[in-house]
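J.: Supplied structure: input27.txt, compact mmCIF, C-alpha atoms.
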# COMPACT_ATOMS: atom_id res chain seq x y z
CA MET B 1 86.89 87.58 90.20
CA THR B 2 89.18 85.11 88.78
CA TRP B 3 89.21 82.94 90.26
CA LEU B 4 84.90 77.88 88.55
CA ALA B 5 83.06 76.04 86.64
CA LEU B 6 80.50 78.08 84.82
CA ALA B 7 77.21 77.21 86.42
CA LEU B 8 74.15 79.39 86.35
CA GLY B 9 73.84 79.36 90.08
CA GLY B 10 74.35 82.97 91.10
CA TRP B 11 76.70 85.90 90.85
CA ALA B 12 79.69 84.10 92.29
CA SER B 13 79.64 81.24 89.81
CA LEU B 14 79.99 83.49 86.78
CA THR B 15 82.23 86.27 87.94
CA ALA B 16 85.81 86.66 87.00
CA CYS B 17 86.86 85.80 90.48
CA ALA B 18 88.09 82.54 91.75
CA GLY B 19 85.42 80.02 92.27
CA SER B 20 83.83 79.38 95.52
CA ALA B 21 85.42 76.67 97.55
CA SER B 22 83.63 74.89 100.33
CA PRO B 23 85.50 76.63 103.11
CA THR B 24 85.54 75.40 106.65
CA PRO B 25 86.89 77.28 109.65
CA SER B 26 90.38 76.32 110.67
CA GLY B 27 90.61 77.87 114.09
CA SER B 28 91.86 81.33 114.91
CA GLY B 29 95.16 83.14 114.99
CA HIS B 30 98.16 82.10 112.94
CA ALA B 31 98.49 78.78 111.21
CA ASP B 32 101.88 77.17 110.83
CA PRO B 33 103.22 78.08 107.35
CA ALA B 34 105.57 75.12 107.39
CA GLY B 35 104.58 72.60 104.79
CA THR B 36 104.00 75.16 102.06
CA ARG B 37 107.11 74.29 100.13
CA PRO B 38 108.27 75.72 96.81
CA SER B 39 108.94 73.38 93.93
CA VAL B 40 111.10 74.46 91.02
CA PRO B 41 109.09 74.33 87.77
CA THR B 42 110.43 72.41 84.83
CA SER B 43 110.93 73.95 81.43
CA GLY B 44 111.59 72.29 78.14
CA PRO B 45 109.79 70.28 75.49
CA ALA B 46 108.21 67.77 77.87
CA ALA B 47 107.66 70.07 80.79
CA GLY B 48 104.48 70.33 82.77
CA PRO B 49 103.46 73.48 84.63
CA GLY B 50 105.99 76.19 83.91
CA THR B 51 106.48 75.37 80.23
CA VAL B 52 106.99 78.52 78.17
CA SER B 53 106.34 78.79 74.46
CA GLY B 54 106.30 81.59 71.92
CA GLY B 55 108.41 84.68 71.37
CA HIS B 56 109.98 87.13 73.76
CA PRO B 57 107.35 88.47 76.18
CA HIS B 58 108.47 92.08 76.07
CA PRO B 59 107.99 93.95 72.78
CA ARG B 60 110.65 96.37 71.64
CA GLY B 61 110.44 99.93 72.86
CA GLY B 62 109.29 99.07 76.38
CA ARG B 63 105.62 98.73 75.51
CA PRO B 64 103.27 97.31 78.12
CA VAL B 65 102.22 93.67 78.17
CA ALA B 66 98.89 92.28 79.35
CA LEU B 67 98.82 88.96 81.19
CA VAL B 68 95.58 86.98 80.92
CA THR B 69 94.63 83.70 82.59
CA SER B 70 92.86 80.99 80.60
CA GLU B 71 91.83 78.36 83.12
CA ARG B 72 90.36 75.95 80.57
CA GLU B 73 93.70 75.82 78.78
CA ASN B 74 95.73 75.97 82.02
CA GLN B 75 97.71 78.83 80.56
CA LEU B 76 98.85 82.35 81.23
CA LEU B 77 98.86 84.41 78.03
CA ALA B 78 101.10 87.40 77.39
CA LEU B 79 99.61 89.93 74.96
CA SER B 80 101.40 92.86 73.37
CA LEU B 81 99.63 96.19 73.85
CA PRO B 82 97.79 97.92 72.39
CA GLY B 83 97.47 95.41 69.56
CA GLY B 84 96.53 92.37 71.64
CA ARG B 85 98.70 89.82 69.85
CA VAL B 86 99.49 86.73 71.91
CA ILE B 87 103.28 86.65 72.16
CA ARG B 88 103.78 84.06 74.89
CA ARG B 89 101.91 81.14 76.45
CA ILE B 90 102.99 79.80 79.83
CA ARG B 91 101.56 76.52 81.04
CA LEU B 92 100.61 76.62 84.71
CA ALA B 93 99.28 74.30 87.39
CA PRO B 94 95.69 73.31 86.47
CA ASP B 95 92.88 75.82 87.09
CA PRO B 96 94.85 79.09 86.91
CA THR B 97 92.21 81.70 87.58
CA THR B 98 93.87 84.87 88.87
CA VAL B 99 97.03 86.77 88.10
CA ALA B 100 98.50 89.78 89.87
CA ALA B 101 101.54 91.93 89.28
CA GLY B 102 103.08 95.25 90.20
CA PRO B 103 103.90 97.57 87.26
CA GLY B 104 107.38 96.05 86.99
CA GLY B 105 106.69 92.65 88.52
CA PRO B 106 106.63 90.29 90.30
CA VAL B 107 104.02 88.10 88.60
CA VAL B 108 101.87 85.78 90.71
CA ALA B 109 99.41 83.28 89.22
CA VAL B 110 96.93 81.45 91.46
CA SER B 111 95.39 78.02 90.77
CA PRO B 112 92.62 77.27 93.30
CA GLY B 113 91.89 73.76 92.02
CA SER B 114 95.54 72.77 92.31
CA GLY B 115 96.21 74.52 95.61
CA ALA B 116 99.17 76.19 93.89
CA VAL B 117 100.66 79.67 93.62
CA THR B 118 103.18 80.22 90.82
CA LEU B 119 105.81 82.98 91.00
CA LEU B 120 107.18 84.21 87.67
CA SER B 121 110.04 86.58 86.87
CA TRP B 122 109.73 89.83 84.97
CA PRO B 123 111.01 90.47 82.42
CA GLY B 124 111.16 86.98 80.99
CA LEU B 125 108.03 85.43 82.54
CA ARG B 126 110.04 82.42 83.65
CA PRO B 127 108.38 80.41 86.44
CA GLN B 128 110.65 80.64 89.46
CA ALA B 129 108.73 78.55 91.99
CA VAL B 130 105.42 76.80 92.52
CA LEU B 131 104.21 77.05 96.12
CA ARG B 132 101.86 74.28 97.17
CA GLY B 133 100.13 73.39 100.41
CA PHE B 134 97.27 75.85 100.01
CA ARG B 135 93.75 74.44 100.24
CA SER B 136 91.98 76.81 97.85
CA PRO B 137 94.08 79.91 97.09
CA GLN B 138 92.04 82.65 95.47
CA LEU B 139 93.68 86.06 95.00
CA ALA B 140 97.19 87.44 95.23
CA ALA B 141 98.06 91.02 96.15
CA PRO B 142 101.70 92.15 95.77
CA THR B 143 102.78 94.80 98.26
CA PRO B 144 103.71 98.23 96.84
CA ASP B 145 107.39 97.72 97.70
CA GLY B 146 107.52 94.62 95.47
CA GLU B 147 108.98 92.47 98.24
CA TRP B 148 105.94 90.51 99.41
CA VAL B 149 102.69 89.08 98.15
CA LEU B 150 99.60 88.28 100.20
CA VAL B 151 97.39 85.35 99.14
CA SER B 152 93.85 84.60 100.31
CA ASP B 153 92.78 80.99 100.85
CA ALA B 154 89.01 80.42 100.94
CA ALA B 155 88.98 76.85 102.23
CA ALA B 156 91.61 77.50 104.91
CA GLY B 157 90.03 80.83 105.87
CA ALA B 158 93.49 82.37 105.89
CA VAL B 159 95.77 84.98 104.35
CA SER B 160 99.39 84.00 103.74
CA SER B 161 102.39 86.27 103.21
CA ILE B 162 105.05 85.16 100.74
CA GLU B 163 108.54 86.65 100.83
CA LEU B 164 109.53 87.01 97.19
CA ALA B 165 113.29 87.12 97.81
CA ASN B 166 113.30 83.47 98.86
CA HIS B 167 109.96 82.24 97.46
CA ARG B 168 108.73 81.17 100.87
CA VAL B 169 105.53 81.46 102.87
CA VAL B 170 106.58 83.09 106.13
CA ASP B 171 103.26 83.75 107.84
CA ARG B 172 99.63 82.72 107.69
CA VAL B 173 96.83 84.31 109.70
CA TRP B 174 93.30 82.98 110.06
CA VAL B 175 90.70 85.56 109.03
CA GLY B 176 87.53 83.52 108.49
CA SER B 177 85.93 81.10 106.09
CA GLY B 178 85.77 82.11 102.46
CA ALA B 179 88.73 84.55 102.38
CA HIS B 180 88.66 85.89 98.85
CA HIS B 181 89.21 89.36 97.41
CA LEU B 182 91.91 91.39 99.09
CA ALA B 183 93.72 94.68 98.68
CA VAL B 184 96.83 96.21 100.25
CA SER B 185 96.87 99.93 101.05
CA PRO B 186 99.44 102.08 99.21
CA ASP B 187 101.34 102.69 102.45
CA MET B 188 101.26 98.93 103.23
CA ARG B 189 99.86 99.56 106.70
CA THR B 190 96.64 97.65 106.17
CA ALA B 191 95.12 94.98 103.96
CA TRP B 192 91.40 94.37 103.55
CA VAL B 193 90.00 90.89 102.93
CA ALA B 194 86.42 90.05 101.92
CA LEU B 195 85.10 86.79 103.36
CA GLY B 196 83.45 85.42 100.24
CA GLU B 197 82.39 86.69 96.83
CA ALA B 198 79.20 87.95 98.44
CA ALA B 199 80.74 88.94 101.76
CA ASP B 200 78.97 90.29 104.80
CA THR B 201 82.34 90.70 106.57
CA ILE B 202 85.53 92.50 105.57
CA VAL B 203 88.57 91.75 107.73
CA VAL B 204 91.17 94.49 108.21
CA LEU B 205 94.74 93.30 108.72
CA ASP B 206 97.78 95.12 110.03
CA SER B 207 100.17 94.42 107.13
CA SER B 208 102.89 96.92 108.05
CA HIS B 209 105.11 93.93 108.84
CA PRO B 210 104.13 91.27 106.29
CA ALA B 211 106.05 88.60 108.15
CA HIS B 212 103.69 89.12 111.09
CA LEU B 213 100.15 89.75 109.85
CA ARG B 214 97.56 90.65 112.48
CA VAL B 215 93.77 91.02 112.44
CA ILE B 216 92.83 94.44 113.83
CA ARG B 217 89.13 94.81 113.03
CA ARG B 218 86.10 93.53 111.12
CA LEU B 219 83.72 95.61 109.04
CA HIS B 220 80.17 94.70 108.06
CA PRO B 221 79.10 96.45 104.84
CA ALA B 222 75.47 97.40 104.31
CA VAL B 223 75.29 95.21 101.19
CA ALA B 224 77.19 92.06 100.31
CA ALA B 225 80.72 92.98 99.20
CA HIS B 226 82.60 91.58 96.23
CA ASP B 227 85.81 93.32 95.14
CA LEU B 228 88.06 95.70 97.10
CA ALA B 229 90.45 98.43 95.97
CA PHE B 230 92.26 101.36 97.59
CA SER B 231 92.41 104.74 95.90
CA PRO B 232 95.93 105.80 94.81
CA ASP B 233 96.22 108.24 97.73
CA GLY B 234 95.18 105.52 100.19
CA ARG B 235 92.47 107.64 101.79
CA THR B 236 89.49 105.64 100.58
CA ALA B 237 88.64 102.00 100.02
CA TRP B 238 86.18 101.18 97.24
CA VAL B 239 83.98 98.14 97.79
CA THR B 240 81.95 96.69 94.94
CA SER B 241 78.72 94.87 95.46
CA ALA B 242 77.48 91.33 94.96
CA ALA B 243 73.88 92.50 95.27
CA ALA B 244 73.45 96.20 94.47
CA SER B 245 74.13 98.34 91.40
CA TYR B 246 76.46 100.73 93.16
CA VAL B 247 79.96 100.86 94.63
CA SER B 248 80.55 101.96 98.23
CA VAL B 249 83.38 104.37 99.01
CA LEU B 250 84.65 104.03 102.57
CA ASP B 251 87.10 105.95 104.69
CA ALA B 252 90.21 103.75 104.68
CA ARG B 253 90.94 104.38 108.36
CA SER B 254 87.55 104.24 110.00
CA GLY B 255 85.59 102.19 107.50
CA ARG B 256 82.88 104.87 107.52
CA LEU B 257 80.74 105.15 104.40
CA LEU B 258 81.58 108.37 102.52
CA GLY B 259 79.41 107.91 99.46
CA THR B 260 78.31 105.62 96.66
CA VAL B 261 78.83 105.49 92.91
CA ALA B 262 76.11 104.22 90.60
CA ALA B 263 77.35 101.22 88.61
CA GLY B 264 76.09 98.43 86.42
CA ALA B 265 74.70 95.06 87.41
CA PRO B 266 76.74 93.39 90.15
CA PRO B 267 79.27 92.09 90.75
CA GLN B 268 81.59 94.85 89.69
CA HIS B 269 85.36 95.31 89.67
CA ILE B 270 87.58 98.37 90.04
CA ALA B 271 90.92 99.73 88.84
CA PHE B 272 92.56 103.14 89.26
CA THR B 273 94.94 105.35 87.35
CA ALA B 274 97.06 107.82 89.31
CA GLY B 275 98.76 111.07 88.38
CA ALA B 276 97.48 114.64 88.21
CA ARG B 277 93.98 113.48 87.23
CA PRO B 278 93.42 110.14 88.98
CA ARG B 279 90.42 108.18 87.79
CA ALA B 280 88.52 105.11 88.93
CA TYR B 281 87.12 102.57 86.48
CA ILE B 282 84.24 100.25 87.29
CA THR B 283 83.24 97.28 85.14
CA SER B 284 79.95 95.40 85.12
CA GLY B 285 80.27 92.02 83.44
CA TYR B 286 76.53 91.40 83.36
CA GLY B 287 75.83 94.99 82.36
CA SER B 288 78.47 94.87 79.57
CA SER B 289 79.75 98.28 80.63
CA ILE B 290 82.63 100.28 82.06
CA GLU B 291 82.46 103.65 83.80
CA MET B 292 85.10 106.30 84.40
CA VAL B 293 84.70 108.09 87.74
CA ASP B 294 86.34 111.12 89.30
CA PRO B 295 87.41 109.73 92.72
CA ARG B 296 87.26 113.18 94.32
CA THR B 297 83.68 114.01 93.38
CA LEU B 298 82.43 110.42 92.84
CA ARG B 299 80.87 111.63 89.60
CA VAL B 300 80.59 109.27 86.64
CA GLU B 301 82.26 111.10 83.75
CA ARG B 302 81.99 108.55 80.96
CA ARG B 303 80.40 105.19 80.27
CA THR B 304 80.84 102.79 77.37
CA GLY B 305 79.93 99.26 76.37
CA LEU B 306 82.07 96.13 76.67
CA PRO B 307 81.72 92.50 75.55
CA TYR B 308 79.34 90.55 77.77
CA GLY B 309 81.08 89.03 80.78
CA SER B 310 83.88 91.63 80.99
CA PHE B 311 84.28 91.53 84.76
CA ASN B 312 88.00 91.97 85.25
CA LEU B 313 90.17 94.90 84.34
CA ALA B 314 93.63 96.38 84.77
CA ALA B 315 95.00 99.88 84.23
CA ALA B 316 98.48 101.26 83.53
CA GLY B 317 99.24 104.74 82.24
CA ASN B 318 96.72 105.56 79.54
CA THR B 319 95.81 101.93 78.90
CA LEU B 320 92.87 99.92 80.20
CA VAL B 321 92.43 96.21 79.53
CA THR B 322 89.31 94.19 80.28
CA THR B 323 88.71 90.44 79.93
CA SER B 324 85.50 88.54 79.33
CA LEU B 325 85.07 85.36 81.30
CA LEU B 326 82.09 84.40 79.15
CA THR B 327 83.37 85.11 75.61
CA GLY B 328 87.18 84.95 75.92
CA GLN B 329 87.52 88.47 74.53
CA VAL B 330 90.16 90.98 75.58
CA THR B 331 89.38 94.67 75.08
CA VAL B 332 91.89 97.54 75.16
CA LEU B 333 90.66 101.08 75.83
CA ASP B 334 92.14 104.53 76.15
CA ALA B 335 91.99 105.36 79.87
CA ARG B 336 91.50 109.07 79.14
CA THR B 337 88.43 108.73 76.94
CA LEU B 338 87.24 105.10 77.18
CA ALA B 339 87.66 104.94 73.40
CA ARG B 340 88.02 101.31 72.35
CA ARG B 341 91.34 100.51 70.69
CA MET B 342 90.66 96.88 69.92
CA THR B 343 88.80 93.74 70.93
CA THR B 344 90.11 90.26 70.19
CA THR B 345 89.29 86.71 71.25
CA VAL B 346 92.27 84.97 72.84
CA ALA B 347 90.88 81.91 74.63
CA PRO B 348 87.66 79.98 75.42
CA ASN B 349 87.45 82.16 78.52
CA ALA B 350 89.62 85.08 79.60
CA ARG B 351 89.40 85.52 83.33
CA ALA B 352 91.91 87.74 85.13
CA VAL B 353 94.24 90.37 83.71
CA ALA B 354 97.29 92.31 84.84
CA ILE B 355 99.47 94.83 83.01
CA LEU B 356 103.26 94.92 83.16
CA THR B 357 105.61 97.68 82.02
CA ARG B 358 109.35 98.05 81.94
Could you take the file, read its structure, and then write that structure out as structure tokens?
T.:
Amino acid sequence: MTWLALALGGWASLTACAGSASPTPSGSGHADPAGTRPSVPTSGPAAGPGTVSGGHPHPRGGRPVALVTSERENQLLALSLPGGRVIRRIRLAPDPTTVAAGPGGPVVAVSPGSGAVTLLSWPGLRPQAVLRGFRSPQLAAPTPDGEWVLVSDAAAGAVSSIELANHRVVDRVWVGSGAHHLAVSPDMRTAWVALGEAADTIVVLDSSHPAHLRVIRRLHPAVAAHDLAFSPDGRTAWVTSAAASYVSVLDARSGRLLGTVAAGAPPQHIAFTAGARPRAYITSGYGSSIEMVDPRTLRVERRTGLPYGSFNLAAAGNTLVTTSLLTGQVTVLDARTLARRMTTTVAPNARAVAILTR
């Protein structure tokens, strides 16, 4: 997903995920997190990474804001919703591919090419620290309690835990070469990590104590896995494919296959809305489509078209936002109906997206 030079060499090279590093094994067990030191970003007219420009990032009335990475411009863009106007540009360490955030923060931007992870405040979107010492960080996953964030590192074959209160890496566990997409369960007991963008292994971590991550098992999906996401109730884990036009739904405890959902051309990505009528949403960047699925019946309820290359998506309330890596377009949809509210071009490429509310 976000996270890559655009080369026509396969699914991984064109997806909205971080680009493939050339990972090499780094042993087993925990690596010493010492050496991953935060640096305080500079702000001001002549600042480098961390420079902020534009208006206030939070529109009046508490409306949601979409955050979009533009790796070619080395920027994180803040867009007002549902209109899609760019209201803030934050310069980041080169090659910012992915961004992650809880509904009310924190914000974490990942730059694989720079080996950097940037932590930003919310509201305000002020860079608080830039953590370096990673080899090829890929994805960040904040924990539901908002106190920690897990980061996968493909080249190091590791997952690191960052304590947000003091902006410090406190643990790093070796999981295997190519550590890429990851997801934390709603109860924080486990985290799943796919080893590669076309992964034949998913590593399950005990994340109940983020300061002491522990590998507890390895799963081997029937088809190469791409993205991972837990359902809002935490009972199932949805695994998208790097090779097949369907999504696998697994029991979150046992890893047993419960069913599949027909989807567009792989790789796909997933987001959920919660509430009385939870729904799953599956994008296909190559299929230019998005589907709305009932997670209880696994039935596709609606399907609509998207701009080509719309791999990534984020959901909050009744709002869905997708980004096109290939056209730079951002699309906003109504999560209840998949009706398109607007599409606008914001950058040469628009890779990852997250939604913040207040």
J.: I'd like the contact shell of Gly285 (chain B) - 6 Å cut-off, only C-alpha atoms, skipping same-chain residues fewer than 3 positions apart - returned as a list in words.
T.: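 The neighbour list is Ser288, Tyr308, Gly309, Ser310 and Phe311 of chain B.
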J.: Could you write out the selected residues, including C-alpha atoms, as an mmCIF file, keeping the file's coordinate frame?
T.:
data_model
loop_
_atom_site.group_PDB
_atom_site.id
_atom_site.type_symbol
_atom_site.label_atom_id
_atom_site.label_comp_id
_atom_site.auth_asym_id
_atom_site.auth_seq_id
_atom_site.Cartn_x
_atom_site.Cartn_y
_atom_site.Cartn_z
ATOM 1 C CA SER B 288 78.470 94.870 79.570
ATOM 2 C CA TYR B 308 79.340 90.550 77.770
ATOM 3 C CA GLY B 309 81.080 89.030 80.780
ATOM 4 C CA SER B 310 83.880 91.630 80.990
ATOM 5 C CA PHE B 311 84.280 91.530 84.760
#
J.: In the coordinate frame of the file, compute which residues have an atom within 12 Å of (92.0, 69.3, 96.3) when using only C-alpha atoms, and state them as a PyMOL selection string.
T.: chain B and resi 21-23+94-95+111-116+132-137+155-156
J.: Within 8 Å of Pro232 (chain B), counting only C-alpha atoms, which residues qualify if same-chain residues fewer than 5 places away don't, as a list in words?
T.: Pro186, Phe272, Thr273, Ala274 and Pro278 of chain B
J.: Do a neighbour search on Gly146 (chain B) at 10 Å with all atoms listed in the file, toss out local chain neighbours closer than 4 positions, and write the hits as a tab-separated table (two decimals) with C-alpha atoms, keeping the file's coordinate frame.
T.:
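part06.tsv, written as the output of this step:
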chain	number	residue	atom	x	y	z
B	101	ALA	CA	101.54	91.93	89.28
B	102	GLY	CA	103.08	95.25	90.20
B	103	PRO	CA	103.90	97.57	87.26
B	104	GLY	CA	107.38	96.05	86.99
B	105	GLY	CA	106.69	92.65	88.52
B	106	PRO	CA	106.63	90.29	90.30
B	142	PRO	CA	101.70	92.15	95.77
B	163	GLU	CA	108.54	86.65	100.83
B	164	LEU	CA	109.53	87.01	97.19
B	165	ALA	CA	113.29	87.12	97.81
J.: What does the distance from CA of Leu92 (chain B) to CA of Ala78 (chain B) come to in Å, to one decimal?
T.: 13.0 Å
J.: Which is closest to Ile216 (chain B) among B:Val173, B:Ile90, B:Val249, B:Val346, if we use all atoms listed in the file?
T.: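 The closest residue to Ile216 (chain B) is B:Val173.
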J.: Once you count only C-alpha atoms, what closest atom pair and distance in Å to one decimal does each residue of region 232-271 of chain B within 8 Å of region 190-202 of chain B have, with rows by chain and rising residue number, as a tab-separated table?
T.:
residue	atom	partner	partner_atom	distance
B:Ser241	CA	B:Ala198	CA	7.5
B:Ala242	CA	B:Ala198	CA	5.1
B:Ala243	CA	B:Ala198	CA	7.7
J.: Measure the distance from CA of Thr327 (chain B) to CA of Thr283 (chain B) in Å and round it to one decimal.
T.: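 CA of Thr283 (chain B) lies at a distance of 15.5 Å from CA of Thr327 (chain B).
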J.: Work out how far apart CA of Ile162 (chain B) and CA of His269 (chain B) are and give it in Å to one decimal.
T.: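 These two atoms are separated by 24.8 Å.
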J.: Find the residues near Thr240 (chain B): any atom within 12 Å, counting all atoms listed in the file, skip ones fewer than 3 places away on the same chain, and give them as number ranges by chain.
T.: B: 1, 181, 194, 197-199, 202, 221-230, 237, 243-250, 260-271, 281-284, 311
J.: Nearest to Leu313 (chain B): which of B:Leu325, B:Val353, B:Ala109, B:Ala280 is it, counting all atoms listed in the file?
T.: B:Val353
J.: Which one is closest to Asn318 (chain B): B:Leu298, B:Arg277, B:Val215, B:Leu306? Count all atoms listed in the file.
T.: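 Looking at the shortest contact to Asn318 (chain B), the residue is B:Arg277.
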J.: I'd like to know which of B:Thr337, B:Thr343, B:Thr319, B:Asn312 is closest to Pro64 (chain B), using all atoms listed in the file.
T.: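 Between B:Thr337, B:Thr343, B:Thr319, B:Asn312, the residue approaching Pro64 (chain B) most closely is B:Thr319.
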J.: Show me, as a VMD selection string, the residues that have an atom within 7 Å of Val175 (chain B) when counting all atoms listed in the file, minus same-chain residues fewer than 6 positions from it.
T.: chain B and resid 157 to 159 203
J.: Using only C-alpha atoms, find the one residue out of B:Val293, B:Val204, B:Leu257, B:Ala276 that sits nearest to Ser185 (chain B).
T.: B:Val204
